[in-house]
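Chemist: See target.txt below, with compact mmCIF, C-alpha atoms.
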# COMPACT_ATOMS: atom_id res chain seq x y z
CA MET I 20 0.00 0.00 0.00
CA THR I 21 1.43 3.36 -0.95
CA ALA I 22 2.00 5.89 1.81
CA PRO I 23 -0.39 8.84 1.94
CA ARG I 24 1.07 11.74 0.03
CA LEU I 25 2.49 14.48 2.19
CA TYR I 26 3.27 17.84 0.73
CA ASN I 27 4.52 21.24 1.84
CA THR I 28 3.13 24.53 0.73
CA GLU I 29 3.09 28.14 1.74
CA ALA I 30 -0.43 29.38 2.22
CA VAL I 31 -2.47 32.40 3.19
CA VAL I 32 -5.69 31.56 5.01
CA LEU I 33 -8.55 33.25 3.14
CA LYS I 34 -11.55 31.78 4.84
CA LYS I 35 -12.50 29.55 7.68
CA ASN I 36 -15.64 27.50 8.34
CA GLU I 37 -16.38 25.38 11.35
CA LEU I 38 -16.70 21.64 10.93
CA GLY I 39 -17.98 19.32 13.64
CA GLU I 40 -16.88 19.85 17.20
CA ALA I 41 -13.34 21.10 16.92
CA ASP I 42 -12.30 21.26 13.27
CA ASN I 43 -12.11 24.06 10.74
CA ILE I 44 -12.30 23.91 6.98
CA LEU I 45 -9.80 26.37 5.61
CA THR I 46 -9.74 28.03 2.22
CA LEU I 47 -6.08 28.60 1.44
CA TYR I 48 -4.29 30.48 -1.30
CA THR I 49 -0.96 28.97 -2.29
CA PRO I 50 1.88 29.90 -4.67
CA ARG I 51 1.89 26.70 -6.75
CA LEU I 52 -1.44 25.03 -6.12
CA GLY I 53 -3.67 28.07 -6.35
CA LYS I 54 -6.72 28.03 -4.14
CA LEU I 55 -7.11 24.95 -2.03
CA ARG I 56 -9.48 23.81 0.70
CA ALA I 57 -8.23 21.71 3.60
CA VAL I 58 -9.26 20.59 7.04
CA ALA I 59 -7.44 21.66 10.18
CA LYS I 60 -8.39 19.03 12.71
CA GLY I 61 -8.85 19.78 16.40
CA VAL I 62 -7.87 23.39 15.89
CA ARG I 63 -10.65 24.85 18.01
CA ARG I 64 -9.45 23.09 21.13
CA PRO I 65 -7.31 25.25 23.43
CA LYS I 66 -4.37 22.84 23.42
CA SER I 67 -4.18 22.59 19.65
CA LYS I 68 -0.69 23.14 18.30
CA LEU I 69 -2.11 24.34 15.02
CA GLY I 70 -4.33 27.03 16.50
CA GLY I 71 -2.84 30.42 15.77
CA HIS I 72 -0.80 29.14 12.82
CA VAL I 73 -3.93 28.61 10.74
CA GLU I 74 -5.76 31.78 11.70
CA LEU I 75 -7.44 33.96 9.08
CA LEU I 76 -5.02 36.13 7.14
CA THR I 77 -1.97 34.25 8.42
CA HIS I 78 0.81 33.43 5.96
CA SER I 79 2.16 30.03 6.96
CA GLU I 80 4.24 27.11 5.80
CA MET I 81 1.99 24.07 5.99
CA LEU I 82 2.37 20.35 5.75
CA LEU I 83 -0.67 18.60 4.36
CA VAL I 84 -1.61 15.02 3.77
CA GLN I 85 -3.76 13.98 0.86
CA SER I 86 -7.02 12.39 1.77
CA GLN I 87 -10.07 11.05 0.00
CA ASN I 88 -12.04 14.16 0.72
CA LEU I 89 -10.33 17.35 1.77
CA ASP I 90 -6.60 17.29 2.42
CA ILE I 91 -5.66 17.58 6.06
CA VAL I 92 -3.29 20.15 7.54
CA THR I 93 -0.96 18.25 9.84
CA GLN I 94 1.52 21.00 10.66
CA SER I 95 1.63 24.72 10.21
CA GLN I 96 4.30 27.26 11.04
CA THR I 97 3.61 30.98 10.79
CA ILE I 98 5.76 32.88 8.32
CA GLU I 99 3.97 36.18 8.91
CA SER I 100 1.01 36.91 11.14
CA PHE I 101 0.44 40.53 9.99
CA LEU I 102 -0.16 41.63 13.56
CA PRO I 103 -0.78 45.34 12.78
CA LEU I 104 -3.75 44.28 10.65
CA ARG I 105 -5.35 42.61 13.63
CA ASP I 106 -5.12 45.61 15.94
CA ASP I 107 -7.06 48.03 13.80
CA LEU I 108 -10.60 47.58 12.57
CA TRP I 109 -9.98 49.45 9.31
CA ARG I 110 -6.94 47.42 8.48
CA THR I 111 -8.65 44.16 9.41
CA SER I 112 -11.67 45.04 7.30
CA SER I 113 -9.56 46.11 4.33
CA ALA I 114 -7.56 42.90 4.53
CA LEU I 115 -10.77 40.88 4.62
CA TYR I 116 -11.89 42.75 1.51
CA VAL I 117 -8.66 41.86 -0.29
CA VAL I 118 -8.98 38.25 0.72
CA GLU I 119 -12.64 38.06 -0.31
CA LEU I 120 -11.73 39.36 -3.77
CA VAL I 121 -9.01 36.73 -4.13
CA ASP I 122 -11.47 34.06 -3.03
CA ARG I 123 -14.22 35.19 -5.39
CA PHE I 124 -12.02 35.70 -8.41
CA THR I 125 -10.17 32.39 -8.25
CA ALA I 126 -11.17 28.80 -8.77
CA GLU I 127 -9.63 25.87 -6.90
CA GLY I 128 -6.41 24.43 -8.18
CA GLU I 129 -5.40 27.15 -10.62
CA GLU I 130 -1.82 28.19 -10.04
CA ASN I 131 -1.16 31.92 -10.21
CA TYR I 132 2.15 32.71 -8.58
CA PRO I 133 2.07 36.47 -9.27
CA LEU I 134 -1.34 36.64 -7.64
CA PHE I 135 -0.02 34.89 -4.55
CA ARG I 136 2.85 37.37 -4.29
CA LEU I 137 0.41 40.23 -4.83
CA LEU I 138 -1.74 38.94 -1.97
CA VAL I 139 1.18 38.73 0.44
CA ASP I 140 2.59 42.13 -0.61
CA THR I 141 -0.81 43.75 -0.25
CA LEU I 142 -1.28 42.37 3.24
CA HIS I 143 2.18 43.68 4.15
CA TRP I 144 1.30 47.11 2.81
CA LEU I 145 -2.05 47.23 4.52
CA CYS I 146 -0.19 46.78 7.81
CA ARG I 147 1.66 50.04 7.37
CA ALA I 148 -0.27 52.05 4.78
CA ARG I 149 -1.14 55.65 5.42
CA HIS I 150 -3.55 55.80 2.50
CA GLY I 151 -5.25 52.48 2.49
CA GLU I 152 -7.94 53.38 -0.04
CA LEU I 153 -5.33 53.86 -2.73
CA ILE I 154 -3.63 50.61 -1.78
CA LEU I 155 -6.97 48.88 -2.28
CA ARG I 156 -7.50 50.53 -5.67
CA CYS I 157 -3.98 49.57 -6.71
CA PHE I 158 -4.57 46.01 -5.52
CA GLU I 159 -7.78 45.82 -7.55
CA LEU I 160 -5.99 46.97 -10.70
CA ARG I 161 -3.17 44.48 -10.24
CA LEU I 162 -5.66 41.72 -9.50
CA PHE I 163 -7.41 42.46 -12.78
CA ALA I 164 -4.08 42.47 -14.57
CA TYR I 165 -3.11 39.02 -13.25
CA LEU I 166 -6.50 37.57 -14.10
CA GLY I 167 -6.72 38.98 -17.59
CA TYR I 168 -9.22 41.74 -16.89
CA GLN I 169 -6.79 44.63 -16.98
CA PRO I 170 -8.69 47.78 -17.98
CA GLN I 171 -7.38 49.41 -21.12
CA LEU I 172 -6.71 52.99 -20.10
CA GLN I 173 -4.74 54.39 -23.02
CA GLN I 174 -7.10 54.53 -25.97
CA CYS I 175 -10.77 54.74 -26.71
CA GLY I 176 -12.18 51.24 -27.11
CA GLY I 177 -14.49 52.47 -29.86
CA CYS I 178 -12.48 54.62 -32.26
CA HIS I 179 -8.97 53.81 -30.93
CA SER I 180 -8.04 57.47 -30.70
CA SER I 181 -5.91 58.43 -27.71
CA LEU I 182 -7.90 59.77 -24.84
CA LYS I 183 -8.12 63.51 -24.22
CA PRO I 184 -8.11 65.13 -20.76
CA VAL I 185 -11.90 65.49 -20.70
CA THR I 186 -14.53 63.31 -19.12
CA ASN I 187 -14.28 59.89 -20.71
CA PHE I 188 -16.37 56.84 -19.93
CA PHE I 189 -15.45 53.52 -18.43
CA THR I 190 -17.31 50.52 -19.79
CA PRO I 191 -17.20 47.36 -17.69
CA SER I 192 -18.34 45.15 -20.54
CA GLY I 193 -15.63 46.56 -22.76
CA GLY I 194 -13.04 46.48 -20.03
CA GLY I 195 -11.81 49.91 -20.99
CA LEU I 196 -12.62 53.48 -21.81
CA LEU I 197 -14.75 55.19 -24.42
CA CYS I 198 -14.26 58.76 -25.56
CA PRO I 199 -17.18 61.23 -25.51
CA HIS I 200 -17.98 60.44 -29.15
CA CYS I 201 -18.21 56.72 -28.64
CA HIS I 202 -19.74 56.44 -25.20
CA ASN I 203 -23.20 55.75 -26.49
CA ARG I 204 -22.09 52.39 -27.83
CA GLU I 205 -22.45 50.73 -24.47
CA PRO I 206 -25.52 50.77 -22.22
CA ILE I 207 -23.63 50.90 -18.97
CA VAL I 208 -20.81 53.38 -18.64
CA TYR I 209 -19.24 55.24 -15.74
CA PRO I 210 -18.05 58.80 -16.34
CA LEU I 211 -14.41 59.22 -15.45
CA SER I 212 -12.93 62.62 -14.69
CA PRO I 213 -9.53 63.50 -16.19
CA ASN I 214 -7.93 63.45 -12.74
CA ALA I 215 -9.37 60.05 -11.99
CA LEU I 216 -7.91 58.73 -15.23
CA LYS I 217 -4.50 60.15 -14.31
CA VAL I 218 -4.63 58.46 -10.93
CA LEU I 219 -5.70 55.14 -12.42
CA ARG I 220 -2.83 55.19 -14.88
CA PHE I 221 -0.45 56.06 -12.04
CA LEU I 222 -1.77 53.18 -9.94
CA GLN I 223 -1.40 50.76 -12.84
CA ARG I 224 2.30 51.42 -13.20
CA SER I 225 3.48 52.33 -9.69
CA PRO I 226 4.73 50.22 -6.81
CA TYR I 227 2.89 50.33 -3.48
CA ALA I 228 5.62 52.50 -1.96
CA SER I 229 4.79 55.30 -4.40
CA VAL I 230 1.06 54.72 -4.17
CA ASP I 231 1.12 55.18 -0.42
CA ARG I 232 2.73 58.61 -0.82
CA LEU I 233 0.00 59.93 -3.11
CA ARG I 234 -2.72 62.15 -1.69
CA ILE I 235 -6.04 62.65 -3.41
CA THR I 236 -9.24 64.45 -2.49
CA PRO I 237 -12.12 62.54 -0.86
CA GLU I 238 -14.22 63.20 -3.98
CA LEU I 239 -11.64 61.64 -6.24
CA SER I 240 -11.25 58.72 -3.86
CA LEU I 241 -14.99 58.14 -3.94
CA GLU I 242 -15.10 58.37 -7.73
CA LEU I 243 -12.37 55.75 -8.05
CA LYS I 244 -13.99 53.48 -5.50
CA GLN I 245 -17.35 53.56 -7.25
CA LEU I 246 -15.75 52.91 -10.58
CA MET I 247 -13.87 49.89 -9.35
CA ARG I 248 -16.89 48.57 -7.49
CA GLY I 249 -18.89 48.84 -10.68
CA TYR I 250 -16.29 46.89 -12.62
CA ILE I 251 -16.02 44.23 -9.92
CA ARG I 252 -19.79 43.92 -9.72
CA TYR I 253 -19.90 43.39 -13.47
CA LEU I 254 -17.15 40.77 -13.41
CA LEU I 255 -18.40 38.84 -10.40
CA GLU I 256 -22.13 39.33 -11.04
CA ARG I 257 -22.59 39.77 -7.32
CA GLU I 258 -21.87 42.19 -4.50
CA VAL I 259 -18.71 41.90 -2.46
CA ARG I 260 -19.90 41.70 1.11
CA SER I 261 -16.72 43.01 2.67
CA ALA I 262 -17.12 46.10 0.51
CA GLU I 263 -20.52 46.71 2.07
CA TRP I 264 -18.94 46.38 5.49
CA LEU I 265 -16.22 48.91 4.61
CA ASP I 266 -18.94 51.32 3.47
CA ARG I 267 -20.74 50.84 6.72
CA LEU I 268 -17.64 51.58 8.78
CA GLU I 269 -17.21 54.74 6.80
CA GLU I 270 -20.82 55.76 7.34
CA GLU I 271 -20.49 55.18 11.06
CA GLY I 272 -17.48 57.46 11.13
CA PHE I 273 -14.81 55.03 12.21
CA ASP I 274 -11.43 56.74 12.17
CA LYS I 275 -9.49 55.58 9.22
CA TRP I 276 -5.93 54.56 8.87
CA THR I 277 -4.55 55.59 12.20
CA PRO I 278 -0.81 55.17 11.68
CA MET Q 1232 -38.23 4.79 8.66
CA ALA Q 1233 -36.91 6.53 5.57
CA ARG Q 1234 -38.54 9.71 6.79
CA LEU Q 1235 -36.84 9.43 10.18
CA ILE Q 1236 -33.46 8.88 8.54
CA GLU Q 1237 -34.03 11.87 6.30
CA GLU Q 1238 -34.88 14.10 9.26
CA LEU Q 1239 -31.89 12.92 11.32
CA HIS Q 1240 -29.60 13.51 8.35
CA LYS Q 1241 -30.50 17.20 8.48
CA LEU Q 1242 -28.79 17.59 11.85
CA PRO Q 1243 -25.27 19.03 11.72
CA GLY Q 1244 -22.52 16.43 11.74
CA ILE Q 1245 -24.93 13.57 11.05
CA GLY Q 1246 -24.15 11.91 7.75
CA PRO Q 1247 -26.28 9.25 6.04
CA LYS Q 1248 -24.66 6.33 7.92
CA SER Q 1249 -25.00 8.02 11.32
CA ALA Q 1250 -28.60 8.87 10.52
CA GLN Q 1251 -29.28 5.21 9.70
CA ARG Q 1252 -27.59 4.00 12.87
CA LEU Q 1253 -29.57 6.44 15.01
CA ALA Q 1254 -32.82 5.52 13.29
CA TYR Q 1255 -32.25 1.80 13.92
CA PHE Q 1256 -31.33 2.52 17.54
CA LEU Q 1257 -34.59 4.37 18.04
CA LEU Q 1258 -36.49 1.58 16.34
CA ARG Q 1259 -35.09 -0.91 18.84
CA SER Q 1260 -35.54 1.31 21.90
CA SER Q 1261 -38.70 1.31 23.98
CA GLU Q 1262 -41.77 3.37 23.20
CA GLU Q 1263 -41.19 5.50 26.34
CA GLU Q 1264 -37.63 6.33 25.34
CA ALA Q 1265 -38.61 7.33 21.82
CA ARG Q 1266 -41.51 9.40 23.08
CA ALA Q 1267 -39.31 11.10 25.70
CA LEU Q 1268 -36.90 12.17 22.95
CA ALA Q 1269 -39.72 13.42 20.71
CA GLU Q 1270 -41.26 15.40 23.56
CA ALA Q 1271 -37.92 16.89 24.60
CA ILE Q 1272 -37.42 18.16 21.05
CA VAL Q 1273 -40.87 19.71 20.90
CA ALA Q 1274 -40.43 21.24 24.38
CA VAL Q 1275 -37.17 22.96 23.41
CA LYS Q 1276 -38.86 24.73 20.54
CA GLU Q 1277 -41.90 25.64 22.60
CA LYS Q 1278 -40.37 26.63 25.90
CA ILE Q 1279 -36.91 27.98 25.20
CA ILE Q 1280 -36.90 31.63 24.44
CA PHE Q 1281 -34.35 34.38 24.50
CA CYS Q 1282 -33.97 36.50 27.60
CA SER Q 1283 -35.29 39.92 26.73
CA VAL Q 1284 -32.36 41.53 28.51
CA CYS Q 1285 -29.22 39.51 27.83
CA GLN Q 1286 -30.38 37.36 24.86
CA ASN Q 1287 -29.31 34.15 26.57
CA ILE Q 1288 -31.44 31.05 26.04
CA THR Q 1289 -33.82 30.57 28.95
CA GLU Q 1290 -37.22 29.24 29.88
CA SER Q 1291 -38.42 32.48 31.47
CA THR Q 1292 -37.63 36.05 30.65
CA PRO Q 1293 -35.75 37.83 32.16
CA CYS Q 1294 -33.46 34.85 32.72
CA PRO Q 1295 -32.29 33.70 36.17
CA ILE Q 1296 -28.94 35.45 35.80
CA CYS Q 1297 -30.46 38.81 34.91
CA GLN Q 1298 -32.97 38.47 37.72
CA ASP Q 1299 -30.45 37.53 40.38
CA GLU Q 1300 -30.22 40.41 42.87
CA GLU Q 1301 -27.01 39.03 44.40
CA ARG Q 1302 -25.07 39.53 41.16
CA ASP Q 1303 -23.20 42.68 40.27
CA HIS Q 1304 -25.52 44.62 37.96
CA THR Q 1305 -22.87 47.14 37.01
CA LYS Q 1306 -20.86 44.78 34.82
CA ILE Q 1307 -21.81 43.07 31.57
CA CYS Q 1308 -19.67 40.37 29.99
CA VAL Q 1309 -20.30 40.20 26.25
CA VAL Q 1310 -20.01 36.73 24.66
CA GLU Q 1311 -20.61 35.22 21.25
CA GLU Q 1312 -22.83 32.25 22.12
CA PRO Q 1313 -24.89 30.93 25.07
CA LEU Q 1314 -22.38 28.08 25.57
CA ASP Q 1315 -19.73 30.69 26.38
CA ILE Q 1316 -21.80 31.69 29.40
CA LEU Q 1317 -21.82 28.09 30.58
CA ALA Q 1318 -18.04 28.00 30.32
CA LEU Q 1319 -17.61 31.27 32.22
CA GLU Q 1320 -20.08 30.33 34.91
CA ARG Q 1321 -18.11 27.17 35.60
CA THR Q 1322 -15.20 29.31 36.75
CA ARG Q 1323 -17.37 30.72 39.56
CA GLY Q 1324 -15.11 33.73 39.30
CA TYR Q 1325 -17.51 36.17 37.70
CA ASN Q 1326 -20.44 37.75 39.44
CA GLY Q 1327 -21.72 40.23 36.86
CA LEU Q 1328 -24.26 40.02 34.07
CA TYR Q 1329 -23.91 38.78 30.49
CA HIS Q 1330 -24.93 39.66 26.98
CA VAL Q 1331 -25.04 37.19 24.10
CA LEU Q 1332 -24.39 38.46 20.58
CA HIS Q 1333 -25.43 35.17 18.92
CA GLY Q 1334 -22.53 35.29 16.52
CA VAL Q 1335 -19.59 37.41 15.59
CA LEU Q 1336 -18.84 39.98 12.90
CA SER Q 1337 -17.90 38.27 9.67
CA PRO Q 1338 -18.02 40.65 6.72
CA MET Q 1339 -17.31 37.96 4.14
CA GLU Q 1340 -20.26 35.89 5.27
CA GLY Q 1341 -22.45 38.98 5.36
CA ILE Q 1342 -22.76 38.99 9.14
CA GLY Q 1343 -22.74 42.62 10.18
CA PRO Q 1344 -23.86 44.46 13.30
CA ASP Q 1345 -27.53 44.15 12.32
CA GLU Q 1346 -27.33 40.37 12.36
CA LEU Q 1347 -26.04 40.37 15.94
CA ARG Q 1348 -27.74 41.49 19.15
CA ILE Q 1349 -25.79 44.74 19.33
CA LYS Q 1350 -28.75 47.13 19.38
CA GLU Q 1351 -30.05 45.27 22.42
CA LEU Q 1352 -26.68 45.69 24.15
CA LEU Q 1353 -26.61 49.41 23.47
CA ALA Q 1354 -30.13 49.71 24.82
CA ARG Q 1355 -28.98 48.21 28.12
CA LEU Q 1356 -26.31 50.88 28.40
CA GLN Q 1357 -28.78 53.74 28.28
CA GLY Q 1358 -29.78 53.47 31.93
CA GLY Q 1359 -26.42 54.63 33.27
CA SER Q 1360 -26.07 51.85 35.80
CA ILE Q 1361 -23.50 49.87 33.80
CA GLN Q 1362 -19.91 50.71 34.70
CA GLU Q 1363 -17.94 48.07 32.86
CA ILE Q 1364 -18.26 46.05 29.67
CA ILE Q 1365 -16.03 42.99 29.47
CA LEU Q 1366 -15.49 41.90 25.88
CA ALA Q 1367 -15.26 38.13 25.91
CA THR Q 1368 -15.46 37.31 22.21
CA ASN Q 1369 -13.15 34.54 20.99
CA PRO Q 1370 -9.47 35.39 20.52
CA ASN Q 1371 -9.52 34.96 16.75
CA LEU Q 1372 -9.74 37.45 13.91
CA GLU Q 1373 -13.51 37.78 13.87
CA GLY Q 1374 -13.72 37.93 17.66
CA GLU Q 1375 -11.07 40.65 17.75
CA ALA Q 1376 -12.81 42.62 15.00
CA THR Q 1377 -16.09 42.39 16.92
CA ALA Q 1378 -14.36 43.51 20.11
CA MET Q 1379 -12.79 46.48 18.33
CA TYR Q 1380 -16.11 47.47 16.82
CA LEU Q 1381 -17.92 47.24 20.15
CA HIS Q 1382 -15.15 49.15 21.88
CA ARG Q 1383 -15.53 51.95 19.37
CA LEU Q 1384 -19.30 52.04 19.92
CA ILE Q 1385 -19.22 51.90 23.71
CA ALA Q 1386 -16.14 53.86 24.81
CA PRO Q 1387 -17.68 57.25 23.85
CA LEU Q 1388 -20.47 56.53 26.33
CA GLY Q 1389 -17.94 56.86 29.13
CA ILE Q 1390 -18.22 53.23 30.18
CA LYS Q 1391 -15.07 51.27 30.98
CA VAL Q 1392 -14.43 48.68 28.27
CA THR Q 1393 -12.13 45.76 29.05
CA ARG Q 1394 -11.05 42.71 27.07
CA LEU Q 1395 -10.35 39.26 28.47
CA ALA Q 1396 -6.62 38.61 28.72
CA ARG Q 1397 -5.28 36.79 25.70
CA GLY Q 1398 -2.15 34.72 25.81
CA LEU Q 1399 -0.99 31.22 26.44
CA PRO Q 1400 -3.64 28.64 27.18
CA PHE Q 1401 -2.98 26.61 30.27
CA GLY Q 1402 -1.33 23.29 29.44
CA SER Q 1403 0.20 24.51 26.20
CA ASP Q 1404 3.78 24.72 25.00
CA LEU Q 1405 5.66 27.96 24.40
CA GLU Q 1406 7.59 26.48 21.50
CA TYR Q 1407 4.45 25.71 19.52
CA ALA Q 1408 2.73 29.00 20.25
CA ASP Q 1409 2.23 31.35 17.34
CA GLU Q 1410 3.51 34.93 17.24
CA VAL Q 1411 0.17 36.57 17.80
CA THR Q 1412 -0.45 34.58 20.98
CA LEU Q 1413 3.07 35.21 22.25
CA THR Q 1414 2.91 38.92 21.47
CA ARG Q 1415 -0.33 39.25 23.36
CA ALA Q 1416 1.01 37.19 26.22
CA LEU Q 1417 4.03 39.49 26.49
CA GLU Q 1418 1.89 42.62 26.24
CA GLY Q 1419 -0.43 41.40 28.94
CA ARG Q 1420 2.27 40.34 31.35
CA GLN Q 1421 1.60 40.90 35.03
CA GLU Q 1422 3.86 41.44 37.98
CA VAL Q 1423 4.23 38.27 39.96
Take the structure in the file and write it out as C-alpha cells.
Modeler:
Amino acid sequence: MTAPRLYNTEAVVLKKNELGEADNILTLYTPRLGKLRAVAKGVRRPKSKLGGHVELLTHSEMLLVQSQNLDIVTQSQTIESFLPLRDDLWRTSSALYVVELVDRFTAEGEENYPLFRLLVDTLHWLCRARHGELILRCFELRLFAYLGYQPQLQQCGGCHSSLKPVTNFFTPSGGGLLCPHCHNREPIVYPLSPNALKVLRFLQRSPYASVDRLRITPELSLELKQLMRGYIRYLLEREVRSAEWLDRLEEEGFDKWTP
Amino acid sequence: MARLIEELHKLPGIGPKSAQRLAYFLLRSSEEEARALAEAIVAVKEKIIFCSVCQNITESTPCPICQDEERDHTKICVVEEPLDILALERTRGYNGLYHVLHGVLSPMEGIGPDELRIKELLARLQGGSIQEIILATNPNLEGEATAMYLHRLIAPLGIKVTRLARGLPFGSDLEYADEVTLTRALEGRQEV
C-alpha cells in the first residue's frame, strides 16, 4: 500500500468554516497550487498546536496530507502573522476585503504565482499604509491584470483614438474606456474625470511604496472606489460583502488609517 | 423509517450512515424512550426563548442570571454564544451580568452588526447603571474585529471597556505557540 502523500506549501488563510466539534475547513491560497481547501483538525481546542498558525489572514508554511475528501493540515508554522492588521478595525476590514476578492475571483487548483505574491505584498502594505484606499484601488488593478481583466486605459475602445483630458467613460463590458464620441455604444458606462484617469494610470504602473505617498481628495477617492466597485460587480455578477462592510464603517465614522 | 433517517440527516454532523444508525437505535428502543426524545425536542422549541435583557437562552424572561439580585448589575460580559456563558459560569469567578451576541462579525459571510444582538446591548447601556463592559469574544480574527467594533461604539459613552486577557492557554507549550499569541502574552504580562 502506498504511503499517503504528504506535501509542503506556503499558504495564506482566506476563509475559515467550522466543521464538527473542533475542526475548521480552511480556504487557502498557495503559490503553486492556487486556491485549495483543507481541514485543520482539532484546531478549536485550546491545546491545539495548530491554533494560531492557521488563523485567518496568516501566511504560513503548511504540511498537508492527501485524503479522499479534503486534504488535512498536519503541521503549520507561521511565516507572517500581519499583527498590525489585527489591531485596527480598518486594516482588518480592508484585509478581509482583499482576501474576499481573491477568493471570489479564483477557482480551486489554478496556479497563479504572481497573484499569490500580490496577496502577500498587499497584506504587508495594509499593515503600514497611510492611505489604504489607494492601496486597495492599486490592488484591484493588479488583481485584474493578473487575471486577464486589466482595464485598457490608453485609448478609446471604440475609435482607438488616444484619450483627451476630458470626461471619458469607463465601460465594464468593454473592459476599458470610451471617448465622448463613442460612449453611447455601451448601455452601462461610468463617467471618469480627467484626474481620476490620471490616478488610475499612475496606480497601474506604480509600486505600493509610491502609491502610499499619493494624496487625493475625498471626492476623487470616492469616484475611483465607485468605478472599481462597478467593474467588480460586473465581473463577479454579485456584491462583495466586505465592501458593504467597509462602506458601513465609513458611514459610522470610524477613524481611518490611524498610523 | 426513511422519513426518520431523512430528518436525522438534516442535523449538523450527522451523515447518512449516522442517521441510519440512530434511526435503527430508536427503532429498537422502547416506546417511552422514543416518546421522551420526541417530547424533549418539541419542548425545546416551545419553551426555550431568549432572555429579553441579555439574549441568553432561557425558559423564562428575564433569565435567572439577569434576575439575580445578588449579582453585580454594574458589569456586563459580552459573549458570542450561550455556551460561552456556561463556560464562564463554571469558573465561579464572575459575578456580573452577560450579553449574548449570537454570533460574531464576519463581513465575508455577510454577518454585520444588524445580524447580531448589538442594538439590544446598546439599549442596556442607556440606563447609566452599567460601569464596565467585558469583551469576551473569541481570541480569533472575527472575535477581535467584533471587540474592536464594540469598543468603538461603547467607549464614547464613558463606560469602561475591558477585554479578556489573551495569551498562552494553560497546558500549552511555548515552543508551539504562534507569534500573535506570544505577542499578546508578552503585552499582557503581570507582575508576579
Chemist: Expressed in Å to a single decimal, how great is the separation between CA of Cys1282 (chain Q) and CA of Gly1244 (chain Q)?
Modeler: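 Interatomic distance, CA of Cys1282 (chain Q) to CA of Gly1244 (chain Q): 28.0 Å.
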Chemist: Could you build a table of the residues in chain Q lying no more than 8 Å from chain I, giving for each the nearest pair of atoms and their separation in Å rounded to one decimal place, using all atoms listed in the file, ordered by chain and ascending residue number, as JSON lines?
Modeler:
{"residue": "Q:Pro1243", "atom": "CA", "partner": "I:Gly39", "partner_atom": "CA", "distance": 7.5}
{"residue": "Q:Gly1244", "atom": "CA", "partner": "I:Gly39", "partner_atom": "CA", "distance": 5.7}
{"residue": "Q:Pro1338", "atom": "CA", "partner": "I:Ser261", "partner_atom": "CA", "distance": 4.9}
{"residue": "Q:Met1339", "atom": "CA", "partner": "I:Ser261", "partner_atom": "CA", "distance": 5.3}
{"residue": "Q:Glu1340", "atom": "CA", "partner": "I:Arg260", "partner_atom": "CA", "distance": 7.2}
{"residue": "Q:Gly1341", "atom": "CA", "partner": "I:Arg260", "partner_atom": "CA", "distance": 5.7}
{"residue": "Q:Gly1343", "atom": "CA", "partner": "I:Trp264", "partner_atom": "CA", "distance": 7.1}
{"residue": "Q:Asn1371", "atom": "CA", "partner": "I:Glu74", "partner_atom": "CA", "distance": 7.1}
{"residue": "Q:Leu1372", "atom": "CA", "partner": "I:Leu75", "partner_atom": "CA", "distance": 6.4}
{"residue": "Q:Glu1375", "atom": "CA", "partner": "I:Arg105", "partner_atom": "CA", "distance": 7.3}
{"residue": "Q:Ala1376", "atom": "CA", "partner": "I:Leu108", "partner_atom": "CA", "distance": 5.9}
{"residue": "Q:Met1379", "atom": "CA", "partner": "I:Leu108", "partner_atom": "CA", "distance": 6.3}
{"residue": "Q:Tyr1380", "atom": "CA", "partner": "I:Leu108", "partner_atom": "CA", "distance": 7.0}
{"residue": "Q:Arg1383", "atom": "CA", "partner": "I:Phe273", "partner_atom": "CA", "distance": 7.8}
{"residue": "Q:Pro1400", "atom": "CA", "partner": "I:Pro65", "partner_atom": "CA", "distance": 6.2}
{"residue": "Q:Phe1401", "atom": "CA", "partner": "I:Lys66", "partner_atom": "CA", "distance": 7.9}
{"residue": "Q:Gly1402", "atom": "CA", "partner": "I:Lys66", "partner_atom": "CA", "distance": 6.8}
{"residue": "Q:Ser1403", "atom": "CA", "partner": "I:Lys66", "partner_atom": "CA", "distance": 5.6}
{"residue": "Q:Tyr1407", "atom": "CA", "partner": "I:Lys68", "partner_atom": "CA", "distance": 5.9}
{"residue": "Q:Ala1408", "atom": "CA", "partner": "I:Lys68", "partner_atom": "CA", "distance": 7.1}
{"residue": "Q:Asp1409", "atom": "CA", "partner": "I:Gly71", "partner_atom": "CA", "distance": 5.4}
{"residue": "Q:Glu1410", "atom": "CA", "partner": "I:Ser100", "partner_atom": "CA", "distance": 6.9}
{"residue": "Q:Val1411", "atom": "CA", "partner": "I:Leu102", "partner_atom": "CA", "distance": 6.6}
{"residue": "Q:Thr1412", "atom": "CA", "partner": "I:Gly71", "partner_atom": "CA", "distance": 7.1}
Chemist: Counting all atoms listed in the file, which of I:Arg24, I:Arg136, I:Lys35, I:Arg63 gets nearest to Thr49 (chain I)?
Modeler: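 Closest to Thr49 (chain I) of all the choices is I:Arg136.
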Chemist: Take the point (-24.6, 41.0, 30.5) as written in the file and pick out every residue within 8 Å of it, counting only C-alpha atoms; give the list as a list in words.
Modeler: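 Those residues, ordered by chain and then number, are Cys1285, Cys1297, Lys1306, Ile1307, Cys1308, Val1309, Gly1327, Leu1328, Tyr1329, His1330 and Val1331 of chain Q.
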Chemist: What's the separation between CA of Leu45 (chain I) and CA of Thr141 (chain I), in Å to one decimal place?
Modeler: 20.4 Å
Chemist: Around region 1405-1423 of chain Q, with edges along x, y and z and 6 Å added on all six sides, what centre and edge lengths do you get, in Å to one decimal, as AutoDock Vina command-line options?
Modeler:
--center_x 3.6 --center_y 34.2 --center_z 28.6 --size_x 20.0 --size_y 28.9 --size_z 34.7
Chemist: Rounded to one decimal in Å, what is the spacing between CA of Glu1237 (chain Q) and CA of Ile1272 (chain Q)?
Modeler: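 Computing the Euclidean distance for CA of Glu1237 (chain Q) and CA of Ile1272 (chain Q) yields 16.4 Å.
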Chemist: Which residue is closest to Cys201 (chain I)? Choose from I:Ser181, I:Val218, I:Gly176, I:Leu254 and count only C-alpha atoms.
Modeler: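 Of I:Ser181, I:Val218, I:Gly176, I:Leu254, the one nearest Cys201 (chain I) is I:Gly176, counting only C-alpha atoms.
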Chemist: Select, from I:Thr190, I:Gln174, I:Gln169, I:Asn27, the residue with the minimum atom-to-atom distance to Thr93 (chain I), counting all atoms listed in the file.
Modeler: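 Smallest distance to Thr93 (chain I) is found for I:Asn27.
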Chemist: Set the distance at 12 Å and use all atoms listed in the file: which residues neighbour Asp140 (chain I) once local chain neighbours fewer than 6 positions away are removed? I'd like the list as a list of chain:residue names.
Modeler: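 Result of the neighbour search: I:Val31, I:His78, I:Glu99, I:Phe101, I:Ala114, I:Val117, I:Pro133, I:Leu134, I:Cys146, I:Arg147, I:Ala148, I:Ile154, I:Leu155, I:Cys157, I:Phe158, I:Arg161, I:Pro226, I:Tyr227, I:Ala228.
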